[in-house]
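> Next comes the structure file structure32.txt, holding compact mmCIF, C-alpha atoms (C1' of nucleotides).
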# COMPACT_ATOMS: atom_id res chain seq x y z
CA MET L 1 -23.66 17.09 -23.08
CA VAL L 2 -24.50 19.61 -20.39
CA ARG L 3 -22.11 22.52 -20.31
CA ARG L 4 -20.29 22.85 -17.04
CA SER L 5 -17.39 24.87 -15.73
CA ALA L 6 -13.94 23.35 -15.53
CA ASP L 7 -14.17 23.45 -11.75
CA GLU L 8 -17.32 21.36 -11.75
CA ARG L 9 -15.73 18.96 -14.19
CA ARG L 10 -12.76 18.66 -11.87
CA GLU L 11 -15.04 17.70 -9.01
CA GLU L 12 -16.78 15.09 -11.13
CA LEU L 13 -13.47 13.56 -12.12
CA ILE L 14 -12.15 13.48 -8.57
CA GLU L 15 -15.32 11.75 -7.38
CA ALA L 16 -15.16 9.30 -10.27
CA ALA L 17 -11.49 8.56 -9.57
CA ILE L 18 -12.23 7.79 -5.93
CA LYS L 19 -15.09 5.50 -6.91
CA VAL L 20 -12.88 3.56 -9.29
CA MET L 21 -10.04 3.34 -6.77
CA ILE L 22 -12.34 2.08 -4.05
CA ARG L 23 -13.76 -0.53 -6.38
CA ASP L 24 -10.65 -1.70 -8.25
CA GLY L 25 -7.58 -0.19 -6.63
CA VAL L 26 -5.25 2.67 -7.45
CA ALA L 27 -3.44 0.78 -10.21
CA LYS L 28 -6.67 0.29 -12.15
CA ALA L 29 -7.59 3.98 -11.96
CA THR L 30 -6.33 5.00 -15.40
CA THR L 31 -7.40 8.14 -17.18
CA ARG L 32 -9.69 6.00 -19.31
CA THR L 33 -11.49 4.21 -16.49
CA ILE L 34 -11.88 7.50 -14.63
CA VAL L 35 -13.47 9.42 -17.49
CA ALA L 36 -15.64 6.38 -18.29
CA GLU L 37 -16.87 6.35 -14.68
CA ALA L 38 -17.65 10.05 -14.93
CA GLY L 39 -19.37 9.58 -18.30
CA LEU L 40 -17.00 12.01 -19.97
CA PRO L 41 -14.87 11.71 -23.10
CA LEU L 42 -11.19 10.94 -22.68
CA GLY L 43 -10.22 14.41 -23.84
CA ALA L 44 -11.97 15.92 -20.85
CA PHE L 45 -9.23 14.71 -18.56
CA HIS L 46 -6.41 16.91 -19.75
CA TYR L 47 -8.21 20.17 -19.83
CA CYS L 48 -9.25 19.68 -16.21
CA PHE L 49 -5.89 18.40 -14.97
CA ARG L 50 -2.45 19.14 -16.25
CA SER L 51 -1.46 15.53 -15.60
CA LYS L 52 -2.57 12.40 -13.84
CA GLU L 53 -0.32 13.23 -10.91
CA GLU L 54 -2.22 16.47 -10.42
CA LEU L 55 -5.46 14.49 -10.13
CA LEU L 56 -3.85 12.07 -7.66
CA HIS L 57 -2.79 15.03 -5.58
CA SER L 58 -6.40 16.24 -5.41
CA VAL L 59 -7.68 12.74 -4.61
CA ILE L 60 -5.29 12.34 -1.70
CA GLU L 61 -6.24 15.73 -0.25
CA ARG L 62 -9.91 14.82 -0.52
CA ILE L 63 -9.59 11.34 1.01
CA THR L 64 -7.37 12.51 3.85
CA GLN L 65 -9.89 15.06 5.02
CA GLY L 66 -12.70 12.57 5.59
CA ALA L 67 -10.57 9.65 6.70
CA LEU L 68 -10.03 10.64 10.28
CA ALA L 69 -12.39 13.42 11.20
CA PRO L 70 -12.23 14.34 14.87
CA ALA L 71 -14.21 11.66 16.63
CA VAL L 72 -15.13 12.24 20.20
CA ALA L 73 -18.34 10.93 21.67
CA ALA L 74 -20.50 13.45 23.51
CA ALA L 75 -19.56 13.69 27.14
CA ALA L 76 -20.38 15.80 30.16
CA ALA L 77 -18.21 16.59 33.16
CA GLY L 78 -18.16 13.80 35.66
CA VAL L 79 -18.86 11.03 33.13
CA PRO L 80 -16.75 7.97 33.99
CA VAL L 81 -13.52 7.85 32.00
CA ALA L 82 -14.22 4.30 30.90
CA ASP L 83 -17.52 5.36 29.32
CA ILE L 84 -16.18 8.21 27.23
CA VAL L 85 -13.23 6.12 26.10
CA ARG L 86 -15.47 3.24 25.11
CA ASP L 87 -17.94 5.46 23.25
CA THR L 88 -15.23 7.34 21.41
CA LEU L 89 -13.54 4.17 20.23
CA ARG L 90 -16.91 2.79 19.16
CA VAL L 91 -17.54 5.87 17.01
CA TYR L 92 -14.16 5.36 15.37
CA TRP L 93 -14.66 1.67 14.79
CA ASP L 94 -18.20 2.00 13.46
CA ARG L 95 -16.87 4.32 10.80
CA ILE L 96 -14.22 1.80 9.78
CA ARG L 97 -16.77 -0.98 9.55
CA ALA L 98 -19.18 1.21 7.59
CA THR L 99 -16.68 2.06 4.85
CA PRO L 100 -13.87 -0.50 4.86
CA ASP L 101 -12.99 -0.12 1.19
CA GLU L 102 -12.58 3.62 1.57
CA HIS L 103 -10.18 3.12 4.45
CA LEU L 104 -8.26 0.45 2.58
CA LEU L 105 -7.82 3.03 -0.14
CA THR L 106 -6.17 5.47 2.26
CA TYR L 107 -3.42 2.93 2.96
CA GLU L 108 -3.01 2.28 -0.74
CA LEU L 109 -2.79 5.99 -1.52
CA THR L 110 -0.18 6.48 1.19
CA GLN L 111 2.00 3.79 -0.39
CA TYR L 112 1.45 5.28 -3.81
CA ALA L 113 2.34 8.76 -2.63
CA LEU L 114 5.56 7.58 -0.96
CA ARG L 115 6.77 6.22 -4.29
CA GLN L 116 6.10 9.37 -6.30
CA PRO L 117 8.83 11.99 -5.80
CA GLY L 118 6.33 14.83 -6.07
CA LEU L 119 3.85 13.24 -3.67
CA ALA L 120 6.05 11.90 -0.86
CA GLU L 121 5.64 15.12 1.08
CA VAL L 122 1.87 14.79 0.80
CA ALA L 123 2.04 11.39 2.51
CA ARG L 124 4.04 12.91 5.35
CA ARG L 125 1.57 15.74 5.74
CA GLN L 126 -1.25 13.19 5.76
CA TYR L 127 0.25 11.45 8.78
CA ARG L 128 1.03 14.71 10.53
CA HIS L 129 -2.65 15.46 10.11
CA TYR L 130 -3.66 12.09 11.55
CA LEU L 131 -1.36 12.65 14.53
CA ALA L 132 -2.79 16.11 15.14
CA VAL L 133 -6.40 14.94 14.90
CA ASN L 134 -5.76 12.00 17.19
CA GLY L 135 -4.03 14.27 19.68
CA GLU L 136 -6.92 16.73 19.64
CA SER L 137 -9.35 13.88 20.08
CA LEU L 138 -7.50 12.65 23.18
CA ALA L 139 -7.21 16.17 24.57
CA THR L 140 -10.91 16.80 24.05
CA MET L 141 -11.84 13.59 25.85
CA ALA L 142 -9.77 14.62 28.85
CA ARG L 143 -11.13 18.15 28.89
CA LEU L 144 -14.78 17.13 28.56
CA ALA L 145 -14.74 14.45 31.22
CA GLY L 146 -12.38 16.40 33.46
CA PHE L 147 -9.27 14.25 33.78
CA GLU L 148 -5.62 14.27 32.73
CA TRP L 149 -3.46 11.89 30.72
CA THR L 150 -0.41 10.74 32.68
CA VAL L 151 1.50 10.20 29.43
CA PRO L 152 2.74 13.23 27.43
CA LEU L 153 0.14 14.01 24.76
CA PRO L 154 2.45 13.74 21.71
CA THR L 155 3.60 10.31 22.84
CA LEU L 156 0.07 9.16 23.64
CA ALA L 157 -1.17 10.48 20.30
CA ARG L 158 1.46 8.56 18.36
CA TYR L 159 1.00 5.41 20.40
CA GLY L 160 -2.78 5.59 20.03
CA LEU L 161 -2.58 6.30 16.32
CA ALA L 162 -0.36 3.24 15.93
CA VAL L 163 -2.86 1.06 17.79
CA LEU L 164 -5.83 2.27 15.74
CA ASP L 165 -3.89 2.22 12.49
CA GLY L 166 -2.49 -1.25 13.14
CA LEU L 167 -5.81 -2.71 14.26
CA THR L 168 -7.57 -1.18 11.28
CA LEU L 169 -5.05 -2.53 8.79
CA ASN L 170 -5.14 -5.99 10.34
CA TRP L 171 -8.95 -6.06 10.33
CA LEU L 172 -9.14 -4.83 6.74
CA ILE L 173 -7.08 -7.87 5.82
CA ASP L 174 -8.67 -10.65 7.86
CA ARG L 175 -12.05 -9.09 8.83
CA ASP L 176 -11.91 -10.86 12.19
CA ASP L 177 -14.51 -8.87 14.14
CA ALA L 178 -14.14 -10.71 17.43
CA ALA L 179 -10.37 -10.43 17.52
CA ALA L 180 -10.50 -6.75 16.60
CA ALA L 181 -13.10 -6.04 19.29
CA ALA L 182 -11.02 -7.77 21.96
CA ALA L 183 -7.90 -5.85 21.01
CA LEU L 184 -9.83 -2.59 20.90
CA ASP L 185 -11.16 -3.29 24.40
CA GLU L 186 -7.58 -3.80 25.48
CA TYR L 187 -6.70 -0.38 24.11
CA ALA L 188 -9.64 1.10 26.00
CA ALA L 189 -8.41 -0.50 29.21
CA TYR L 190 -4.95 0.92 28.56
CA LEU L 191 -6.34 4.42 28.05
CA VAL L 192 -8.29 4.21 31.30
CA SER L 193 -5.13 3.11 33.09
CA VAL L 194 -3.26 6.22 31.97
CA ALA L 195 -6.09 8.62 32.91
CA ARG L 196 -5.86 10.47 36.24
CA PRO L 197 -8.82 12.40 37.66
CA MET P 1 25.69 -16.72 -21.33
CA VAL P 2 26.26 -19.32 -18.65
CA ARG P 3 23.85 -22.22 -18.87
CA ARG P 4 21.77 -22.62 -15.75
CA SER P 5 18.79 -24.65 -14.71
CA ALA P 6 15.32 -23.13 -14.75
CA ASP P 7 15.25 -23.32 -10.94
CA GLU P 8 18.42 -21.28 -10.65
CA ARG P 9 17.04 -18.78 -13.15
CA ARG P 10 13.87 -18.53 -11.08
CA GLU P 11 15.90 -17.66 -8.00
CA GLU P 12 17.83 -15.01 -9.89
CA LEU P 13 14.61 -13.44 -11.13
CA ILE P 14 12.99 -13.44 -7.67
CA GLU P 15 16.05 -11.75 -6.20
CA ALA P 16 16.13 -9.23 -9.01
CA ALA P 17 12.42 -8.49 -8.63
CA ILE P 18 12.84 -7.80 -4.91
CA LYS P 19 15.78 -5.52 -5.60
CA VAL P 20 13.79 -3.50 -8.11
CA MET P 21 10.73 -3.33 -5.84
CA ILE P 22 12.78 -2.15 -2.87
CA ARG P 23 14.41 0.51 -5.00
CA ASP P 24 11.50 1.73 -7.13
CA GLY P 25 8.28 0.18 -5.83
CA VAL P 26 6.03 -2.64 -6.96
CA ALA P 27 4.50 -0.66 -9.81
CA LYS P 28 7.89 -0.14 -11.43
CA ALA P 29 8.78 -3.82 -11.25
CA THR P 30 7.81 -4.76 -14.80
CA THR P 31 8.98 -7.88 -16.56
CA ARG P 32 11.44 -5.73 -18.47
CA THR P 33 13.02 -3.98 -15.47
CA ILE P 34 13.25 -7.30 -13.63
CA VAL P 35 15.09 -9.16 -16.38
CA ALA P 36 17.31 -6.11 -16.92
CA GLU P 37 18.23 -6.18 -13.21
CA ALA P 38 19.02 -9.88 -13.49
CA GLY P 39 21.03 -9.33 -16.68
CA LEU P 40 18.81 -11.70 -18.64
CA PRO P 41 16.93 -11.33 -21.91
CA LEU P 42 13.21 -10.57 -21.80
CA GLY P 43 12.33 -14.00 -23.12
CA ALA P 44 13.84 -15.59 -20.02
CA PHE P 45 10.92 -14.41 -17.94
CA HIS P 46 8.21 -16.56 -19.43
CA TYR P 47 9.99 -19.83 -19.45
CA CYS P 48 10.74 -19.44 -15.76
CA PHE P 49 7.30 -18.17 -14.76
CA ARG P 50 3.96 -18.86 -16.35
CA SER P 51 2.91 -15.26 -15.67
CA LYS P 52 3.89 -12.19 -13.75
CA GLU P 53 1.40 -13.09 -11.05
CA GLU P 54 3.25 -16.35 -10.46
CA LEU P 55 6.45 -14.37 -9.84
CA LEU P 56 4.64 -12.00 -7.47
CA HIS P 57 3.40 -15.00 -5.55
CA SER P 58 6.97 -16.22 -5.10
CA VAL P 59 8.18 -12.76 -4.11
CA ILE P 60 5.54 -12.42 -1.41
CA GLU P 61 6.36 -15.84 0.02
CA ARG P 62 10.04 -14.90 0.13
CA ILE P 63 9.57 -11.48 1.69
CA THR P 64 7.11 -12.69 4.30
CA GLN P 65 9.53 -15.27 5.64
CA GLY P 66 12.23 -12.80 6.56
CA ALA P 67 10.00 -9.90 7.50
CA LEU P 68 9.12 -10.92 11.02
CA ALA P 69 11.40 -13.70 12.15
CA PRO P 70 10.86 -14.64 15.79
CA ALA P 71 12.69 -11.98 17.73
CA VAL P 72 13.26 -12.57 21.40
CA ALA P 73 16.29 -11.28 23.19
CA ALA P 74 18.28 -13.80 25.16
CA ALA P 75 17.00 -14.10 28.71
CA ALA P 76 17.54 -16.24 31.74
CA ALA P 77 15.10 -17.06 34.52
CA GLY P 78 14.79 -14.27 37.01
CA VAL P 79 15.72 -11.50 34.62
CA PRO P 80 13.55 -8.45 35.32
CA VAL P 81 10.51 -8.30 33.04
CA ALA P 82 11.30 -4.73 32.03
CA ASP P 83 14.75 -5.78 30.79
CA ILE P 84 13.62 -8.60 28.53
CA VAL P 85 10.79 -6.49 27.15
CA ARG P 86 13.11 -3.60 26.40
CA ASP P 87 15.75 -5.81 24.77
CA THR P 88 13.23 -7.67 22.65
CA LEU P 89 11.66 -4.48 21.35
CA ARG P 90 15.09 -3.10 20.63
CA VAL P 91 15.94 -6.15 18.51
CA TYR P 92 12.73 -5.64 16.55
CA TRP P 93 13.29 -1.94 16.07
CA ASP P 94 16.93 -2.26 15.08
CA ARG P 95 15.85 -4.53 12.27
CA ILE P 96 13.31 -2.01 11.02
CA ARG P 97 15.86 0.77 11.07
CA ALA P 98 18.45 -1.39 9.33
CA THR P 99 16.23 -2.22 6.35
CA PRO P 100 13.44 0.35 6.14
CA ASP P 101 12.89 0.00 2.39
CA GLU P 102 12.47 -3.73 2.68
CA HIS P 103 9.79 -3.27 5.32
CA LEU P 104 8.07 -0.59 3.32
CA LEU P 105 7.89 -3.14 0.54
CA THR P 106 6.03 -5.61 2.75
CA TYR P 107 3.22 -3.08 3.21
CA GLU P 108 3.16 -2.38 -0.48
CA LEU P 109 3.01 -6.07 -1.33
CA THR P 110 0.16 -6.59 1.11
CA GLN P 111 -1.85 -3.89 -0.64
CA TYR P 112 -1.00 -5.34 -4.01
CA ALA P 113 -2.00 -8.83 -2.96
CA LEU P 114 -5.34 -7.66 -1.58
CA ARG P 115 -6.25 -6.26 -4.98
CA GLN P 116 -5.42 -9.39 -6.96
CA PRO P 117 -8.17 -12.02 -6.72
CA GLY P 118 -5.67 -14.85 -6.81
CA LEU P 119 -3.43 -13.31 -4.16
CA ALA P 120 -5.87 -11.98 -1.55
CA GLU P 121 -5.64 -15.24 0.38
CA VAL P 122 -1.85 -14.89 0.44
CA ALA P 123 -2.20 -11.54 2.18
CA ARG P 124 -4.44 -13.07 4.82
CA ARG P 125 -2.02 -15.92 5.38
CA GLN P 126 0.78 -13.38 5.70
CA TYR P 127 -1.00 -11.67 8.60
CA ARG P 128 -1.94 -14.96 10.21
CA HIS P 129 1.75 -15.69 10.12
CA TYR P 130 2.63 -12.34 11.70
CA LEU P 131 0.07 -12.91 14.45
CA ALA P 132 1.42 -16.38 15.15
CA VAL P 133 5.03 -15.22 15.25
CA ASN P 134 4.20 -12.30 17.53
CA GLY P 135 2.22 -14.60 19.81
CA GLU P 136 5.13 -17.05 20.00
CA SER P 137 7.50 -14.19 20.71
CA LEU P 138 5.37 -13.01 23.63
CA ALA P 139 4.94 -16.55 24.95
CA THR P 140 8.67 -17.17 24.76
CA MET P 141 9.43 -13.99 26.68
CA ALA P 142 7.07 -15.05 29.46
CA ARG P 143 8.43 -18.59 29.60
CA LEU P 144 12.08 -17.57 29.62
CA ALA P 145 11.81 -14.91 32.28
CA GLY P 146 9.25 -16.87 34.29
CA PHE P 147 6.12 -14.73 34.32
CA GLU P 148 2.61 -14.71 32.92
CA TRP P 149 0.63 -12.31 30.76
CA THR P 150 -2.59 -11.19 32.44
CA VAL P 151 -4.18 -10.61 29.01
CA PRO P 152 -5.23 -13.62 26.86
CA LEU P 153 -2.39 -14.37 24.47
CA PRO P 154 -4.40 -14.06 21.21
CA THR P 155 -5.65 -10.63 22.27
CA LEU P 156 -2.21 -9.52 23.41
CA ALA P 157 -0.66 -10.81 20.19
CA ARG P 158 -3.10 -8.86 18.02
CA TYR P 159 -2.83 -5.74 20.13
CA GLY P 160 0.96 -5.92 20.13
CA LEU P 161 1.12 -6.58 16.41
CA ALA P 162 -1.06 -3.52 15.86
CA VAL P 163 1.25 -1.36 17.96
CA LEU P 164 4.40 -2.53 16.19
CA ASP P 165 2.78 -2.46 12.76
CA GLY P 166 1.33 1.00 13.31
CA LEU P 167 4.52 2.46 14.76
CA THR P 168 6.55 0.95 11.95
CA LEU P 169 4.27 2.34 9.25
CA ASN P 170 4.22 5.78 10.86
CA TRP P 171 8.00 5.83 11.19
CA LEU P 172 8.53 4.66 7.62
CA ILE P 173 6.57 7.71 6.55
CA ASP P 174 7.95 10.45 8.78
CA ARG P 175 11.24 8.88 10.03
CA ASP P 176 10.79 10.63 13.38
CA ASP P 177 13.19 8.63 15.55
CA ALA P 178 12.52 10.42 18.80
CA ALA P 179 8.74 10.13 18.54
CA ALA P 180 8.96 6.46 17.59
CA ALA P 181 11.30 5.72 20.50
CA ALA P 182 8.98 7.43 23.00
CA ALA P 183 5.96 5.52 21.73
CA LEU P 184 7.90 2.26 21.76
CA ASP P 185 8.87 2.92 25.38
CA GLU P 186 5.21 3.42 26.13
CA TYR P 187 4.46 0.01 24.64
CA ALA P 188 7.23 -1.49 26.79
CA ALA P 189 5.67 0.08 29.88
CA TYR P 190 2.30 -1.33 28.89
CA LEU P 191 3.73 -4.83 28.48
CA VAL P 192 5.39 -4.65 31.89
CA SER P 193 2.06 -3.57 33.38
CA VAL P 194 0.31 -6.67 32.06
CA ALA P 195 3.04 -9.07 33.23
CA ARG P 196 2.50 -10.95 36.51
CA PRO P 197 5.32 -12.94 38.18
C1' DG I 1 -15.61 24.99 -24.64
C1' DT I 2 -16.09 20.19 -26.20
C1' DC I 3 -14.69 16.10 -28.18
C1' DT I 4 -12.59 12.78 -31.85
C1' DA I 5 -8.67 10.94 -33.52
C1' DT I 6 -4.20 9.72 -32.97
C1' DA I 7 0.51 10.08 -31.53
C1' DG I 8 4.07 7.72 -29.04
C1' DG I 9 5.42 4.51 -25.96
C1' DA I 10 5.41 0.71 -22.51
C1' DA I 11 3.09 -3.22 -20.79
C1' DG I 12 2.54 -8.72 -20.72
C1' DA I 13 2.95 -12.47 -23.45
C1' DT I 14 4.38 -15.57 -27.44
C1' DA I 15 6.33 -17.55 -31.90
C1' DG I 16 9.87 -19.26 -33.84
C1' DA I 17 14.98 -18.72 -35.12
C1' DC I 18 19.30 -20.58 -33.40
C1' DG X 1 17.66 -24.48 -23.69
C1' DT X 2 18.31 -19.65 -25.11
C1' DC X 3 17.07 -15.45 -27.04
C1' DT X 4 15.34 -12.02 -30.72
C1' DA X 5 11.57 -10.16 -32.83
C1' DT X 6 7.01 -9.23 -32.71
C1' DC X 7 1.85 -9.30 -31.42
C1' DT X 8 -1.69 -7.19 -28.98
C1' DT X 9 -3.28 -4.30 -25.71
C1' DC X 10 -3.28 -0.59 -22.75
C1' DC X 11 -1.36 3.66 -21.15
C1' DT X 12 -0.73 9.17 -20.93
C1' DA X 13 -0.92 12.98 -23.54
C1' DT X 14 -1.86 16.14 -27.43
C1' DA X 15 -3.40 18.12 -31.90
C1' DG X 16 -6.82 19.94 -34.08
C1' DA X 17 -11.83 19.48 -35.86
C1' DC X 18 -16.30 21.25 -34.53
Will you turn the file into structure tokens for me?

Amino acid sequence: MVRRSADERREELIEAAIKVMIRDGVAKATTRTIVAEAGLPLGAFHYCFRSKEELLHSVIERITQGALAPAVAAAAAGVPVADIVRDTLRVYWDRIRATPDEHLLTYELTQYALRQPGLAEVARRQYRHYLAVNGESLATMARLAGFEWTVPLPTLARYGLAVLDGLTLNWLIDRDDAAAAAALDEYAAYLVSVARP
Amino acid sequence: MVRRSADERREELIEAAIKVMIRDGVAKATTRTIVAEAGLPLGAFHYCFRSKEELLHSVIERITQGALAPAVAAAAAGVPVADIVRDTLRVYWDRIRATPDEHLLTYELTQYALRQPGLAEVARRQYRHYLAVNGESLATMARLAGFEWTVPLPTLARYGLAVLDGLTLNWLIDRDDAAAAAALDEYAAYLVSVARP
DNA sequence: GTCTATAGGAAGATAGAC
DNA sequence: GTCTATCTTCCTATAGAC
């Protein structure tokens, strides 16, 4: 066995845990399946993490970061609002379609976190983060293409997050591409209608 | 111990399982905690249900029924569109706020079902049901108050379900009443904007 | 630092007494 | 039909050999 630092081992275990969770769900991610995925002995787990909850904490932090990175399509001043809105939503949706299982996991982890006394606050912070990122994304669109939102940004951010979150969850369940695309277009039309030059 | 039929016992166990799941989450609803909640011996479980999965199936059916009953506020012809929209959304939201834990459970059960090979189809049927109910709700609003939706009903139903589903999930996590109310008002304004007399 | 062995307990399910 | 006792398996966590 190659000798590695505890920090490197931690990384390996977090990656392995995420792989298992994506493949089989959070409930199946036991200490045994995680160390097996990482190719480590069972004993390795508890000198890298004090407990399983500590690992879960790390996993949630990791997943949250990548889940909703700021997504704004490139845009120059004067670009039609409809174009930048359409492109930005397409970037978002392409990412969902590229890694559906990873996004399904984020919903599962949120539920899991809400049920663990020590992790409930993490779930709340996760959604505060989503709200902030979505708000920044909307603000950036407006700034780049030179227009204003006629709806207060916090309200628009929450409303838009709900639309994207709801559409994503629904699509992850029924995988109806056509229906999702139509609804997403409707959201685009809504956004255009609340944009003022 | 009172002597009861297996069917009555089944009902008691389903009710007990839902109670436990609302209180402590799906993961904590073991055969032991469920029979304890029902005040029955452990052995009672397996002569009422072939397996735990069979119970889960029954629980999901039960929860889904009540989760999104058709909600349309009373309306007469000629009532302003904005009024019926506002009242209908208020009926929906009051129900969420009255039983938040029960609604949180529906999300948890959906996740759980998606991970169980035998139950994944149940999750899809659940969302088909939500889509249908939401579509009927929108159609009823239009018929009662005498107007038309300018967006195709299937698209509007999916979009609207996403908004309500996303807002509900977000509120269940951060319980921010003011933010939820503002976003819900924004949805009401959107609906009014796509209604044509 | 690394890993084997095992503790200690809880899970789903069943056999068989009453 | 009802329930106790138990089987088997899996879990998290730790003790202690190397």
> Using all atoms listed in the file and a cut-off of 7 Å, which residues of chain P sit close to chain L? Please list them as a list of chain:residue names.
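That gives the following set of residues: P:Gly25, P:Glu108, P:Gln111, P:Arg115, P:Arg124, P:Thr155, P:Arg158, P:Tyr159, P:Ala162, P:Val163, P:Asp165, P:Gly166, P:Leu167, P:Ile173, P:Asp174, P:Ala179, P:Ala182, P:Ala183.
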> Got a sec to pull out which chain P residues are within 8 Å of chain I, counting all atoms listed in the file, and send them as a PyMOL selection string?
chain P and resi 30-31+46+52
> Kindly indicate which residue among L:Arg50, L:Arg90, L:Gly39, L:Asp7 lies nearest to chain X, using all atoms listed in the file for the distances.
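The closest residue to chain X is L:Arg50.
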> Could you give me, as JSON lines, every chain X residue with an atom at most 9 Å from chain L, plus its closest atom pair and distance in Å to one decimal, counting only C-alpha atoms (C1' of nucleotides), rows ordered by chain then number?

{"residue": "X:DC11", "atom": "C1'", "partner": "L:Thr30", "partner_atom": "CA", "distance": 7.7}
{"residue": "X:DT12", "atom": "C1'", "partner": "L:Thr31", "partner_atom": "CA", "distance": 7.7}
{"residue": "X:DA13", "atom": "C1'", "partner": "L:His46", "partner_atom": "CA", "distance": 7.7}
{"residue": "X:DT14", "atom": "C1'", "partner": "L:His46", "partner_atom": "CA", "distance": 9.0}
> Would you list the residues near (11.7, -14.3, -1.3), meaning any protein, DNA or RNA residue with an atom at most 12 Å from that point in file coordinates, counting all atoms listed in the file, as a list in words?
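Residues with an atom close enough to that point: Arg10, Glu11, Glu12, Leu13, Ile14, Glu15, Ala16, Ala17, Ile18, Lys19, Met21, Leu55, Leu56, His57, Ser58, Val59, Ile60, Glu61, Arg62, Ile63, Thr64, Gln65, Gly66, Ala67, Glu102, Leu105, Thr106 and Leu109 of chain P.
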> What separation in Å, quoted to one decimal, exists between CA of Thr140 (chain L) and CA of Ala188 (chain L)?
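Going from CA of Thr140 (chain L) over to CA of Ala188 (chain L) covers 15.9 Å.
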> CA of Thr150 (chain L) and CA of Leu191 (chain L) are how many Å apart?
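For CA of Thr150 (chain L) relative to CA of Leu191 (chain L), the distance reads 9.8 Å.
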> In Å to one decimal, how far is CA of Ile84 (chain P) from CA of Ala145 (chain P)?
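Interatomic distance, CA of Ala145 (chain P) to CA of Ile84 (chain P): 7.6 Å.
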> Would you give the centre and edge lengths, in Å to one decimal, of a box along x, y and z around the listed atoms of region 9-16 of chain I, with 5 Å added to each side, as lines of an AutoDock Vina configuration file?

center_x = 6.2
center_y = -7.4
center_z = -27.3
size_x = 17.3
size_y = 33.8
size_z = 23.1
> Please determine, counting all atoms listed in the file, which residue among P:Ser137, P:Val122, P:His129, P:Val79 has the shortest atom-to-atom distance to Tyr92 (chain P).
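For Tyr92 (chain P), the nearest of the candidates is P:Ser137.
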> Could you extract chain X of the given structure into a file holding C-alpha atoms (C1' of nucleotides), as a PDB file, in the first residue's frame?

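So the final result, stored in part-v6.pdb, reads:
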ATOM      1  C1'  DG X   1     -54.493 -15.570  14.976  1.00  0.00           C
ATOM      2  C1'  DT X   2     -50.966 -13.764  18.139  1.00  0.00           C
ATOM      3  C1'  DC X   3     -46.546 -13.126  19.870  1.00  0.00           C
ATOM      4  C1'  DT X   4     -41.764 -14.429  21.802  1.00  0.00           C
ATOM      5  C1'  DA X   5     -37.400 -15.828  20.746  1.00  0.00           C
ATOM      6  C1'  DT X   6     -33.996 -16.175  17.581  1.00  0.00           C
ATOM      7  C1'  DC X   7     -31.347 -16.311  12.974  1.00  0.00           C
ATOM      8  C1'  DT X   8     -28.551 -13.930   9.896  1.00  0.00           C
ATOM      9  C1'  DT X   9     -26.687 -10.025   8.207  1.00  0.00           C
ATOM     10  C1'  DC X  10     -25.095  -5.556   8.219  1.00  0.00           C
ATOM     11  C1'  DC X  11     -23.822  -1.429  10.590  1.00  0.00           C
ATOM     12  C1'  DT X  12     -20.373   2.061  13.192  1.00  0.00           C
ATOM     13  C1'  DA X  13     -16.634   2.162  15.906  1.00  0.00           C
ATOM     14  C1'  DT X  14     -12.450   0.714  18.430  1.00  0.00           C
ATOM     15  C1'  DA X  15      -8.529  -1.993  20.320  1.00  0.00           C
ATOM     16  C1'  DG X  16      -4.377  -3.403  19.547  1.00  0.00           C
ATOM     17  C1'  DA X  17      -1.020  -6.152  16.441  1.00  0.00           C
ATOM     18  C1'  DC X  18       2.495  -5.042  13.079  1.00  0.00           C
TER      19       DC X  18
END
